[in-house]
Each structure stands twice: as C-alpha cells, then as structure tokens.
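Asks: Contents of input-v6.tsv (TSV, C-alpha atoms):
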chain	number	residue	atom	x	y	z
A	72	MET	CA	-0.18	-2.67	-4.82
A	73	ALA	CA	-2.82	-0.04	-5.46
A	74	LYS	CA	-1.65	3.56	-5.15
A	75	LEU	CA	-3.83	4.44	-2.13
A	76	THR	CA	-3.51	1.20	-0.17
A	77	GLY	CA	-3.22	2.07	3.52
A	78	ILE	CA	-5.08	5.38	3.28
A	79	LYS	CA	-8.15	5.46	5.54
A	80	VAL	CA	-10.99	7.77	4.52
A	81	VAL	CA	-14.06	8.62	6.59
A	82	ASP	CA	-16.73	9.93	4.23
A	83	LEU	CA	-19.82	11.66	5.62
A	84	SER	CA	-21.02	12.98	2.25
A	85	LEU	CA	-24.16	11.99	0.35
A	86	PHE	CA	-25.49	12.13	-3.22
A	87	LEU	CA	-22.82	13.04	-5.79
A	88	PRO	CA	-19.72	15.27	-5.28
A	89	GLY	CA	-18.28	13.70	-2.12
A	90	PRO	CA	-19.15	10.09	-3.02
A	91	MET	CA	-17.56	10.59	-6.45
A	92	LEU	CA	-14.38	11.87	-4.78
A	93	THR	CA	-14.15	8.91	-2.42
A	94	LEU	CA	-15.16	6.44	-5.15
A	95	MET	CA	-12.03	7.37	-7.08
A	96	MET	CA	-10.00	6.83	-3.91
A	97	ALA	CA	-11.67	3.47	-3.17
A	98	ASP	CA	-11.12	2.30	-6.75
A	99	HIS	CA	-7.39	2.77	-6.18
A	100	GLY	CA	-7.05	1.05	-2.86
A	101	ALA	CA	-8.16	3.49	-0.16
A	102	ASP	CA	-10.11	2.09	2.77
A	103	VAL	CA	-13.27	4.23	2.59
A	104	ILE	CA	-15.79	4.10	5.41
A	105	LYS	CA	-19.04	5.70	4.32
A	106	VAL	CA	-20.87	7.10	7.32
A	107	GLU	CA	-24.59	7.46	6.61
A	108	PRO	CA	-27.57	8.62	8.64
A	109	PRO	CA	-29.77	5.82	10.01
A	110	THR	CA	-32.07	6.23	7.00
A	111	GLY	CA	-29.13	5.81	4.61
A	112	ASP	CA	-27.85	7.86	1.70
A	113	PRO	CA	-30.96	8.87	-0.32
A	114	ALA	CA	-29.13	7.68	-3.45
A	115	ARG	CA	-29.71	4.12	-2.23
A	116	GLN	CA	-33.36	4.51	-3.21
A	117	MET	CA	-32.79	6.06	-6.62
A	118	GLU	CA	-34.10	4.00	-9.54
A	119	PRO	CA	-33.32	2.05	-11.61
A	120	VAL	CA	-32.35	-0.91	-9.46
A	121	GLU	CA	-30.19	-3.74	-10.78
A	122	ALA	CA	-29.24	-6.88	-8.87
A	123	GLY	CA	-30.78	-5.44	-5.71
A	124	GLN	CA	-28.98	-2.09	-5.68
A	125	SER	CA	-29.54	1.33	-7.19
A	126	VAL	CA	-27.38	1.66	-10.31
A	127	TRP	CA	-26.51	5.21	-9.23
A	128	PHE	CA	-25.59	4.18	-5.69
A	129	ARG	CA	-23.50	1.19	-6.77
A	130	ASN	CA	-21.56	3.20	-9.35
A	131	LEU	CA	-20.66	5.88	-6.78
A	132	ASN	CA	-20.10	3.75	-3.69
A	133	ARG	CA	-18.66	0.40	-4.74
A	134	GLY	CA	-15.71	-0.90	-2.79
A	135	LYS	CA	-16.51	1.11	0.35
A	136	GLN	CA	-17.70	0.09	3.79
A	137	ALA	CA	-20.96	1.59	5.08
A	138	LEU	CA	-21.93	2.40	8.63
A	139	ALA	CA	-25.15	3.99	9.91
A	140	LEU	CA	-24.54	6.53	12.67
A	141	ASP	CA	-26.87	8.97	14.36
A	142	LEU	CA	-24.52	11.88	14.96
A	143	LYS	CA	-27.09	13.54	17.22
A	144	SER	CA	-26.69	10.69	19.70
A	145	GLU	CA	-23.80	10.25	22.14
A	146	GLU	CA	-23.22	6.71	20.89
A	147	GLY	CA	-23.04	7.85	17.26
A	148	ARG	CA	-20.61	10.65	18.06
A	149	GLU	CA	-18.36	8.35	20.08
A	150	ARG	CA	-18.24	5.85	17.22
A	151	LEU	CA	-17.31	8.59	14.76
A	152	TRP	CA	-14.48	9.75	17.03
A	153	GLU	CA	-13.18	6.19	17.04
A	154	LEU	CA	-13.18	6.14	13.23
A	155	LEU	CA	-11.41	9.49	13.02
A	156	ALA	CA	-8.71	8.66	15.54
A	157	ASP	CA	-6.46	7.08	12.89
A	158	ALA	CA	-8.09	8.38	9.71
A	159	ASP	CA	-6.00	10.02	7.00
A	160	VAL	CA	-8.88	11.85	5.30
A	161	MET	CA	-12.32	13.10	6.28
A	162	ILE	CA	-14.89	14.25	3.73
A	163	GLU	CA	-18.13	16.04	4.59
A	164	GLY	CA	-20.80	17.71	2.50
A	165	PHE	CA	-23.15	19.24	5.06
A	166	ARG	CA	-24.27	22.85	4.87
A	167	PRO	CA	-21.78	25.23	6.49
A	168	GLY	CA	-21.98	25.26	10.27
A	169	VAL	CA	-23.51	21.80	10.69
A	170	MET	CA	-20.26	20.05	11.55
A	171	LYS	CA	-19.40	22.67	14.17
A	172	ARG	CA	-22.80	22.21	15.82
A	173	LEU	CA	-22.22	18.46	15.89
A	174	GLY	CA	-18.75	18.96	17.39
A	175	PHE	CA	-16.80	17.68	14.39
A	176	ASP	CA	-15.52	20.84	12.74
A	177	TYR	CA	-11.91	20.90	11.54
A	178	GLU	CA	-10.53	22.51	14.69
A	179	ALA	CA	-12.06	19.81	16.89
A	180	VAL	CA	-10.97	16.93	14.66
A	181	HIS	CA	-7.49	18.37	14.07
A	182	ALA	CA	-6.95	18.73	17.83
A	183	LYS	CA	-7.35	14.97	18.22
A	184	ASN	CA	-5.75	13.93	14.91
A	185	PRO	CA	-3.29	16.58	13.62
A	186	ARG	CA	-2.42	14.46	10.56
A	187	ILE	CA	-5.94	14.39	9.16
A	188	VAL	CA	-6.78	15.96	5.80
A	189	TYR	CA	-10.29	17.38	6.23
A	190	CYS	CA	-12.30	18.36	3.14
A	191	SER	CA	-15.64	20.20	3.21
A	192	ILE	CA	-17.72	20.32	0.03
A	193	SER	CA	-20.53	22.85	-0.33
A	194	ALA	CA	-22.25	24.91	-2.99
A	195	PHE	CA	-20.64	28.29	-2.26
A	196	GLY	CA	-17.97	27.71	0.38
A	197	GLN	CA	-17.89	27.80	4.15
A	198	GLU	CA	-17.89	31.59	4.59
A	199	GLY	CA	-19.32	34.66	2.89
A	200	GLU	CA	-22.70	36.03	1.91
A	201	MET	CA	-23.65	32.94	-0.15
A	202	ALA	CA	-22.39	30.29	2.26
A	203	HIS	CA	-25.85	29.41	3.59
A	204	HIS	CA	-27.75	29.71	0.31
A	205	PRO	CA	-29.25	26.29	-0.56
A	206	ALA	CA	-28.31	25.02	-4.00
A	207	HIS	CA	-27.76	21.89	-6.03
A	208	ASP	CA	-25.99	21.63	-9.38
A	209	LEU	CA	-28.59	23.46	-11.51
A	210	ALA	CA	-28.67	26.52	-9.26
A	211	VAL	CA	-24.86	26.70	-9.18
A	212	GLN	CA	-24.72	26.50	-12.97
A	213	ALA	CA	-27.32	29.26	-13.17
A	214	LEU	CA	-25.44	31.60	-10.82
A	215	SER	CA	-22.07	30.94	-12.45
A	216	GLY	CA	-23.15	31.97	-15.95
A	217	PHE	CA	-22.89	28.53	-17.50
A	218	LEU	CA	-26.63	27.97	-17.80
A	219	SER	CA	-26.98	31.18	-19.82
A	220	VAL	CA	-24.99	29.62	-22.66
A	221	ASN	CA	-26.64	26.20	-22.37
A	222	ASP	CA	-29.33	27.52	-24.70
A	223	GLY	CA	-30.87	27.07	-28.12
A	224	GLU	CA	-31.27	29.55	-30.94
A	225	ASP	CA	-34.23	31.10	-29.13
A	226	GLY	CA	-31.95	31.93	-26.18
A	227	MET	CA	-33.93	29.76	-23.75
A	228	PRO	CA	-31.58	27.95	-21.33
A	229	VAL	CA	-32.33	24.27	-20.83
A	230	VAL	CA	-31.49	21.89	-17.99
A	231	PRO	CA	-27.92	20.64	-18.59
A	232	GLY	CA	-27.34	16.99	-19.38
A	233	ALA	CA	-24.33	16.75	-17.06
A	234	PRO	CA	-24.07	17.82	-13.39
A	235	SER	CA	-20.93	19.80	-14.12
A	236	ALA	CA	-20.77	21.72	-10.82
A	237	ASP	CA	-21.12	18.51	-8.81
A	238	MET	CA	-18.47	16.74	-10.84
A	239	ALA	CA	-16.10	19.70	-10.85
A	240	ALA	CA	-16.28	19.81	-7.06
A	241	GLY	CA	-15.59	16.09	-6.79
A	242	LEU	CA	-12.59	16.32	-9.10
A	243	ASN	CA	-11.21	19.44	-7.43
A	244	GLY	CA	-11.75	17.86	-4.05
A	245	LEU	CA	-9.83	14.75	-5.04
A	246	SER	CA	-6.95	16.81	-6.40
A	247	ALA	CA	-6.79	18.90	-3.24
A	248	VAL	CA	-6.93	15.87	-0.94
A	249	LEU	CA	-4.10	14.17	-2.80
A	250	MET	CA	-2.03	17.38	-2.74
A	251	ALA	CA	-2.59	17.65	1.00
A	252	LEU	CA	-1.53	14.04	1.52
A	253	ILE	CA	1.66	14.72	-0.43
A	254	GLY	CA	2.24	17.87	1.63
A	255	ARG	CA	1.74	15.89	4.82
A	256	GLU	CA	4.65	13.67	3.84
A	257	LYS	CA	6.85	16.76	4.06
A	258	THR	CA	5.39	18.45	7.14
A	259	GLY	CA	3.76	15.66	9.10
A	260	LYS	CA	0.63	17.79	9.40
A	261	GLY	CA	-2.77	17.53	7.77
A	262	ASP	CA	-4.80	20.43	6.40
A	263	TYR	CA	-8.28	21.82	5.85
A	264	ILE	CA	-9.81	22.13	2.37
A	265	ASP	CA	-12.84	24.28	1.55
A	266	VAL	CA	-14.20	23.07	-1.81
A	267	ALA	CA	-17.11	25.01	-3.32
A	268	MET	CA	-19.06	23.77	-6.33
A	269	TYR	CA	-19.21	27.36	-7.61
A	270	ASP	CA	-15.47	27.92	-7.25
A	271	SER	CA	-14.76	24.57	-8.90
A	272	LEU	CA	-16.92	25.22	-11.94
A	273	LEU	CA	-16.01	28.85	-12.60
A	274	PRO	CA	-12.54	28.23	-14.13
A	275	TRP	CA	-14.18	26.08	-16.81
A	276	CYS	CA	-15.42	29.28	-18.51
A	277	ALA	CA	-11.95	30.56	-19.47
A	278	HIS	CA	-12.24	29.48	-23.11
A	279	ILE	CA	-15.76	30.82	-23.66
A	280	ALA	CA	-16.05	33.91	-21.48
A	281	GLY	CA	-12.77	35.72	-22.13
A	282	ASP	CA	-14.42	39.09	-22.77
A	283	ALA	CA	-16.47	38.88	-19.57
A	284	ILE	CA	-13.45	37.77	-17.53
A	285	SER	CA	-11.51	40.80	-18.76
A	286	GLY	CA	-14.32	43.20	-17.87
A	287	GLY	CA	-16.25	43.20	-21.15
A	288	ASN	CA	-19.47	41.75	-22.45
A	289	THR	CA	-20.89	38.32	-21.82
A	290	PRO	CA	-20.64	35.64	-24.55
A	291	VAL	CA	-23.71	35.08	-26.72
A	292	SER	CA	-24.00	31.49	-27.88
A	293	GLN	CA	-24.91	32.14	-31.49
A	294	SER	CA	-21.87	34.35	-32.05
A	295	GLN	CA	-19.32	32.41	-29.99
A	296	ARG	CA	-16.96	29.95	-31.64
A	297	SER	CA	-17.49	27.16	-29.10
A	298	LEU	CA	-21.18	27.66	-28.39
A	299	GLY	CA	-22.92	27.53	-31.77
A	300	GLY	CA	-21.56	30.40	-33.82
A	301	ALA	CA	-19.03	28.38	-35.84
A	302	ALA	CA	-20.04	26.14	-38.73
A	303	PHE	CA	-17.44	23.50	-37.97
A	304	TYR	CA	-18.28	23.33	-34.26
A	305	ASN	CA	-21.98	22.78	-34.48
A	306	VAL	CA	-24.91	20.36	-34.39
A	307	TYR	CA	-26.92	19.45	-37.50
A	308	ARG	CA	-30.23	17.63	-37.95
A	309	THR	CA	-30.33	14.74	-40.40
A	310	LEU	CA	-33.05	13.38	-42.69
A	311	ASP	CA	-34.32	10.92	-40.07
A	312	GLY	CA	-34.65	13.56	-37.34
A	313	LYS	CA	-31.41	12.53	-35.63
A	314	HIS	CA	-28.28	14.64	-35.35
A	315	VAL	CA	-24.58	14.80	-36.18
A	316	VAL	CA	-21.84	17.20	-35.18
A	317	LEU	CA	-18.83	18.81	-36.72
A	318	GLY	CA	-16.42	19.05	-33.81
A	319	GLY	CA	-13.19	20.57	-35.07
A	320	ARG	CA	-12.70	24.17	-36.25
A	321	GLU	CA	-9.22	23.64	-37.70
A	322	ILE	CA	-9.18	24.89	-41.28
A	323	LYS	CA	-7.77	21.59	-42.54
A	324	PHE	CA	-11.03	19.89	-41.54
A	325	ALA	CA	-13.11	22.57	-43.23
A	326	LYS	CA	-11.00	22.27	-46.37
A	327	ASN	CA	-11.33	18.49	-46.43
A	328	LEU	CA	-15.11	18.55	-46.06
A	329	LEU	CA	-15.79	21.41	-48.45
A	330	THR	CA	-13.53	19.78	-51.05
A	331	ALA	CA	-15.46	16.53	-50.73
A	332	LEU	CA	-18.72	18.48	-51.14
A	333	ASP	CA	-17.26	20.34	-54.14
A	334	ARG	CA	-17.80	23.68	-52.37
A	335	ILE	CA	-14.25	24.81	-51.65
A	336	ASP	CA	-15.45	28.29	-52.56
A	337	LEU	CA	-17.07	28.43	-49.10
A	338	LEU	CA	-13.74	28.02	-47.30
A	339	PRO	CA	-13.32	31.77	-46.63
A	340	LEU	CA	-16.54	31.65	-44.60
A	341	ALA	CA	-15.08	28.93	-42.38
A	342	GLU	CA	-12.02	31.09	-41.86
A	343	GLY	CA	-14.12	34.09	-40.78
A	344	GLU	CA	-15.23	35.11	-37.32
A	345	ALA	CA	-17.93	33.10	-35.59
A	346	GLY	CA	-21.45	34.45	-35.71
A	347	ALA	CA	-23.05	36.37	-38.57
A	348	LEU	CA	-20.12	35.87	-40.95
A	349	GLN	CA	-20.43	32.10	-40.68
A	350	LYS	CA	-24.24	31.99	-40.75
A	351	PRO	CA	-24.41	31.36	-44.56
A	352	LEU	CA	-22.06	28.39	-44.16
A	353	ILE	CA	-24.08	27.03	-41.23
A	354	ASP	CA	-27.26	27.34	-43.29
A	355	TYR	CA	-25.61	25.56	-46.24
A	356	LEU	CA	-24.45	22.68	-44.05
A	357	ARG	CA	-27.89	22.40	-42.48
A	358	GLY	CA	-29.30	21.81	-45.92
A	359	ILE	CA	-26.60	19.30	-46.79
A	360	PHE	CA	-26.97	17.24	-43.62
A	361	ALA	CA	-30.76	17.22	-43.90
A	362	ALA	CA	-30.45	15.26	-47.17
A	363	LYS	CA	-29.21	11.98	-45.62
A	364	THR	CA	-29.91	9.94	-42.49
A	365	ARG	CA	-27.52	10.01	-39.58
A	366	ASP	CA	-26.17	6.54	-40.32
A	367	GLU	CA	-25.74	7.35	-44.00
A	368	TRP	CA	-23.57	10.29	-42.98
A	369	VAL	CA	-21.54	8.01	-40.71
A	370	GLN	CA	-20.79	5.84	-43.73
A	371	TRP	CA	-20.05	8.84	-45.95
A	372	PHE	CA	-17.56	10.31	-43.46
A	373	ALA	CA	-15.78	7.00	-42.87
A	374	ASP	CA	-12.93	7.80	-45.27
A	375	LYS	CA	-12.87	11.57	-44.66
A	376	ASP	CA	-10.37	13.27	-42.34
A	377	VAL	CA	-12.97	15.49	-40.67
A	378	ALA	CA	-13.83	15.90	-36.98
A	379	PHE	CA	-17.31	14.44	-37.32
A	380	SER	CA	-19.46	12.37	-34.97
A	381	PRO	CA	-23.03	11.14	-34.84
A	382	VAL	CA	-25.04	12.22	-31.80
A	383	LEU	CA	-25.73	9.00	-29.91
A	384	ASN	CA	-28.09	8.30	-27.06
A	385	PHE	CA	-26.68	6.53	-24.01
A	386	ARG	CA	-27.82	3.09	-25.19
A	387	GLU	CA	-25.98	3.57	-28.47
A	388	ALA	CA	-22.95	5.12	-26.76
A	389	LEU	CA	-22.54	2.28	-24.26
A	390	ASP	CA	-22.96	-0.34	-27.00
A	391	GLN	CA	-20.03	0.95	-29.06
A	392	GLY	CA	-17.26	-1.54	-29.69
A	393	PHE	CA	-14.50	0.63	-28.29
A	394	VAL	CA	-16.34	0.92	-24.95
A	395	LYS	CA	-16.02	-2.84	-24.62
A	396	GLU	CA	-12.50	-2.78	-26.04
A	397	ARG	CA	-11.33	-0.33	-23.35
A	398	GLY	CA	-13.27	-2.10	-20.61
A	399	LEU	CA	-15.30	0.98	-19.75
A	400	LEU	CA	-18.55	-0.84	-18.94
A	401	VAL	CA	-18.15	-4.00	-16.89
A	402	GLU	CA	-20.76	-6.60	-15.99
A	403	ALA	CA	-20.26	-8.56	-12.78
A	404	ASN	CA	-22.64	-10.40	-10.47
A	405	GLY	CA	-25.63	-9.32	-12.51
A	406	SER	CA	-24.81	-5.63	-12.39
A	407	HIS	CA	-23.17	-3.11	-14.71
A	408	GLN	CA	-20.53	-0.64	-13.60
A	409	ILE	CA	-18.61	2.14	-15.29
A	410	ALA	CA	-14.92	1.45	-14.83
A	411	PRO	CA	-12.45	3.97	-13.38
A	412	ALA	CA	-11.41	6.60	-15.90
A	413	PHE	CA	-7.70	6.23	-15.18
A	414	ARG	CA	-5.58	3.15	-14.67
A	415	PHE	CA	-1.98	2.55	-13.68
A	416	GLN	CA	0.25	0.21	-15.63
A	417	SER	CA	1.85	-1.01	-12.42
A	418	GLU	CA	-1.45	-2.05	-10.83
A	419	ALA	CA	-3.50	-5.17	-11.38
A	420	ASP	CA	-6.62	-4.85	-13.52
A	421	TRP	CA	-9.51	-3.20	-11.70
A	422	GLN	CA	-12.19	-5.56	-10.44
A	423	PRO	CA	-15.78	-4.37	-9.91
A	424	SER	CA	-17.50	-4.85	-6.56
A	425	ASP	CA	-20.89	-4.17	-5.06
A	426	ALA	CA	-21.70	-1.13	-2.99
A	427	PRO	CA	-21.91	-1.87	0.75
A	428	GLU	CA	-25.12	-2.63	2.56
A	429	LEU	CA	-25.85	-0.36	5.50
A	430	LYS	CA	-24.89	-1.76	8.88
Would you kindly transcribe this structure into structure tokens?
Replies:
Amino acid sequence: MAKLTGIKVVDLSLFLPGPMLTLMMADHGADVIKVEPPTGDPARQMEPVEAGQSVWFRNLNRGKQALALDLKSEEGRERLWELLADADVMIEGFRPGVMKRLGFDYEAVHAKNPRIVYCSISAFGQEGEMAHHPAHDLAVQALSGFLSVNDGEDGMPVVPGAPSADMAAGLNGLSAVLMALIGREKTGKGDYIDVAMYDSLLPWCAHIAGDAISGGNTPVSQSQRSLGGAAFYNVYRTLDGKHVVLGGREIKFAKNLLTALDRIDLLPLAEGEAGALQKPLIDYLRGIFAAKTRDEWVQWFADKDVAFSPVLNFREALDQGFVKERGLLVEANGSHQIAPAFRFQSEADWQPSDAPELK
C-alpha cells in the first residue's frame, strides 16, 4: 500500500509550488482533488503539448482529480465545503486575504473540520509589509540575494535556469504538511502552515553567504569558492564551443588532475583561497580545456578520479543511459513523464498516469 493512501487533499493552487507539493502526495497514494477556476489552471495551456496535454501540466498534475468551481458563486462555495468536510489537507496559493474574502480562511475551515491541515503558499507570507507585494520566482530570487550571484564575470545577473524559490516552497510545504499530519496523530488536531517562497529559499544561502549572514559583506561570485572563484569548482569552454565543469574542490581531485597534466607544481594554487590567488590556475585550465572538444575531454577523463562532468543540454541529459536505467523518464500512452524522485522499497513500482481533464 502506498504511504499516503487514505489521505484526502483539496488543492486550490495553480502553476508550480502548490501543484508540485500535491503531485508528490498523489504519486504516493493521496487522493488529490484539484479545484480549478472555470477557465482552468493556466498551466493547461502551456506548450509544448504531447498526447493532448501540456507536458508541464501533466508532469505536475498526474494522478489527481480535477474539478472546476466558481468560488464567487453560492453553488461553487457549497461544493467546496462538501469537499473540505472530510479532507485531511487543504492547499491554497492565492494572494494573502483572498481566502478570507471568499469565506475559506483557516479559521472558517478549521471551525468545520478541526482535523484539517491547511497550507497557504505565497511569495512573502501572509502578514507583514511584503505580504501583498506581487512576485513570481524571479522577483523572489532577486529580493533574496540569490540573483546577485547568478552572474557572469561581468557581474550581470542572468535569469536563473531553475525556479528555485517555487521549488523550495513546494518542498518546504510538503515537509510541513507531513509533519502536521504526524502531529495530528498525537493531538487529533490539524494546523495552519504559512509557507513563503522567500522564507523557503533563504536558508539555501548558508554555504555561500556566511559573511553576510554574520553581519559582514556580501559574497562576490568571482572570489567565492562555490560561485566561480575556485579553479576546481568552475566551468570551462572547450574547443568546439561547448563546456565542461570541474565539480569537486577536494585536494585529492586537484592532485589527480594536475599529475595527469604533468603540472603538479600548480597544486599550491588549488590549495589557496578562492579568488585572485586561484586566478592563474583558472587561466591555465581555461587554456588546457580549450585545446580539445567536450567529448574528447569526456574520453580523456574516463579513467581519471576527478570530479568532472560535461555540460549537457536537456536533450543530452535525458538521453543518458543511467536515466533509463533508474527509470527517471517514463513513456506511457504516448506521453513522457519524469518519475518521482523518491521511491519506497515496500511499495509497488510507480505507474505513470495522465493529468485529469477538467470537469
């Protein structure tokens, strides 16, 4: 039996953080009812489309039920109350204050169902000076400091490749919901959870912004060990205009590579502080990597104990043998789905399913 069999979830969220949270619950047996506005979750219309459904929407909403409700109508509100009467979890991602205006804030829902675990997801939390500031992932990353170090050598920040604030909120939300469900087993009572994208992302800076956290200066990418200032944690261009990375700063890796290159004399540079002291080593490695193509370097590193990887695009990444070996990309009914990231030995193998049509 799946771990969350018997748990009923009413999900009013759209787009990414909330649907990701409830996807992980649905993948492990929860009965998730996705409540959408009459026009549907906008993600339904996001291209590309495969086998009649948005790839985005299917990969975030498979295995759920979907129901269109107009919560501004009496009929829609009555139907939602029916769903919540025996629900274990409610997820919502509206801007702060919306649920209270609709009559479905935590106090109202808790009064009718004291066992419910109610989770609100927003950009900056339900209260405070930023609560009503509109923001999606990029703006949250900008205000949290993360975008400032998502930059090149010219210091210009670029749009991040991953919606980290969205995903952090979904993961934190899932953890909090599961904790609350465990707590309910002890007390018999549900709880309210205020998940902010900003709050969820901020702890991720602990390893890069130590000085700033302790009251000092902000990290500068080109002098920070994890952001581009270390030779053995860096990106290098190859002869064919592609890229490779060295992704391990442990001295044993530096020693192994520099020995293979017959430049063990450069080892003291790898042992030095990130930034200016390692710049000569970074420049040397840039010249070395520029002499061969990316795939030639893959072959050369095959028998070396060095934390090295080629930079792949998504087509190349998804076509790797170990992705198939681990069952991470599954094709079923003419569609492709990314499998759940965690599995339980005691459960049957996960089976992909379509996302629900709107009823």
Asks: Please write as a PyMOL selection string the list of polymer residues whose atoms come within 7 Å of (-28.3, 2.6, 1.6), counting all atoms listed in the file and keeping to the coordinates of the file.
Replies: chain A and resi 111-112+115+428-429
Asks: Check the smallest atom-to-atom distance from each of A:Asn130, A:Ala139, A:Pro339, A:Thr364 to Leu400 of chain A using only C-alpha atoms, then report the winner.
Replies: A:Asn130
Asks: Could you check the closest approach to Ala410 of chain A for each of A:Ala210, A:Ala378, A:Ala251, A:Val394 and tell me which residue wins, using all atoms listed in the file?
Replies: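 That would be A:Val394, the residue with the smallest distance to Ala410 of chain A.
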Asks: Could you tell me which of A:Gly123, A:Asp98, A:Leu138, A:Gly287 comes closest to Thr110 of chain A if we count only C-alpha atoms?
Replies: A:Leu138
Asks: Can you tell me how far atom CA of Pro411 of chain A sits from atom CA of Pro423 of chain A, in Å to one decimal?
Replies: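 For atom CA of Pro411 of chain A relative to atom CA of Pro423 of chain A, the distance reads 9.6 Å.
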Asks: I want to know what sits within 10 Å of Asp376 of chain A, based on all atoms listed in the file, with residues of the same chain fewer than 6 positions away left out; could you give that as a ChimeraX atom specification?
Replies: /A:323-328
Asks: Just want the 10 Å neighbourhood of Lys143 of chain A, counted on only C-alpha atoms, with same-chain residues fewer than 2 positions away dropped. Output as a PyMOL selection string.
Replies: chain A and resi 108+140-141+145-148+172-174
Asks: Can you write out the residues you just picked, keeping C-alpha atoms, as a tab-separated table (two decimals), keeping the file's coordinate frame?
Replies:
chain	number	residue	atom	x	y	z
A	108	PRO	CA	-27.57	8.62	8.64
A	140	LEU	CA	-24.54	6.53	12.67
A	141	ASP	CA	-26.87	8.97	14.36
A	145	GLU	CA	-23.80	10.25	22.14
A	146	GLU	CA	-23.22	6.71	20.89
A	147	GLY	CA	-23.04	7.85	17.26
A	148	ARG	CA	-20.61	10.65	18.06
A	172	ARG	CA	-22.80	22.21	15.82
A	173	LEU	CA	-22.22	18.46	15.89
A	174	GLY	CA	-18.75	18.96	17.39
Asks: Considering only C-alpha atoms, tabulate each residue of segment 268-374 of chain A that lies at most 10 Å from segment 181-199 of chain A along with its nearest interatomic pair and the corresponding distance in Å to one decimal; arrange the rows by chain and ascending residue number and present them as a Markdown table.
Replies:
| residue | atom | partner | partner_atom | distance |
| --- | --- | --- | --- | --- |
| A:Met268 | CA | A:Ala194 | CA | 4.8 |
| A:Tyr269 | CA | A:Phe195 | CA | 5.6 |
| A:Asp270 | CA | A:Phe195 | CA | 7.2 |
| A:Ser271 | CA | A:Ala194 | CA | 9.5 |
Asks: To one decimal place, how far is atom CA of Pro228 of chain A from atom CA of Pro205 of chain A in Å?
Replies: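 Separating atom CA of Pro228 of chain A from atom CA of Pro205 of chain A is a distance of 21.0 Å.
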Asks: Pick the closest to Leu94 of chain A from A:Ala373, A:Met227, A:Leu245, A:Leu155: which is it, counting only C-alpha atoms?
Replies: A:Leu245
Asks: Looking at A:Gly281, A:Gly244, A:Gly168, A:Gly226, which one is nearest to Met96 of chain A, with distances taken over only C-alpha atoms?
Replies: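 For Met96 of chain A, the nearest of the given residues is A:Gly244.
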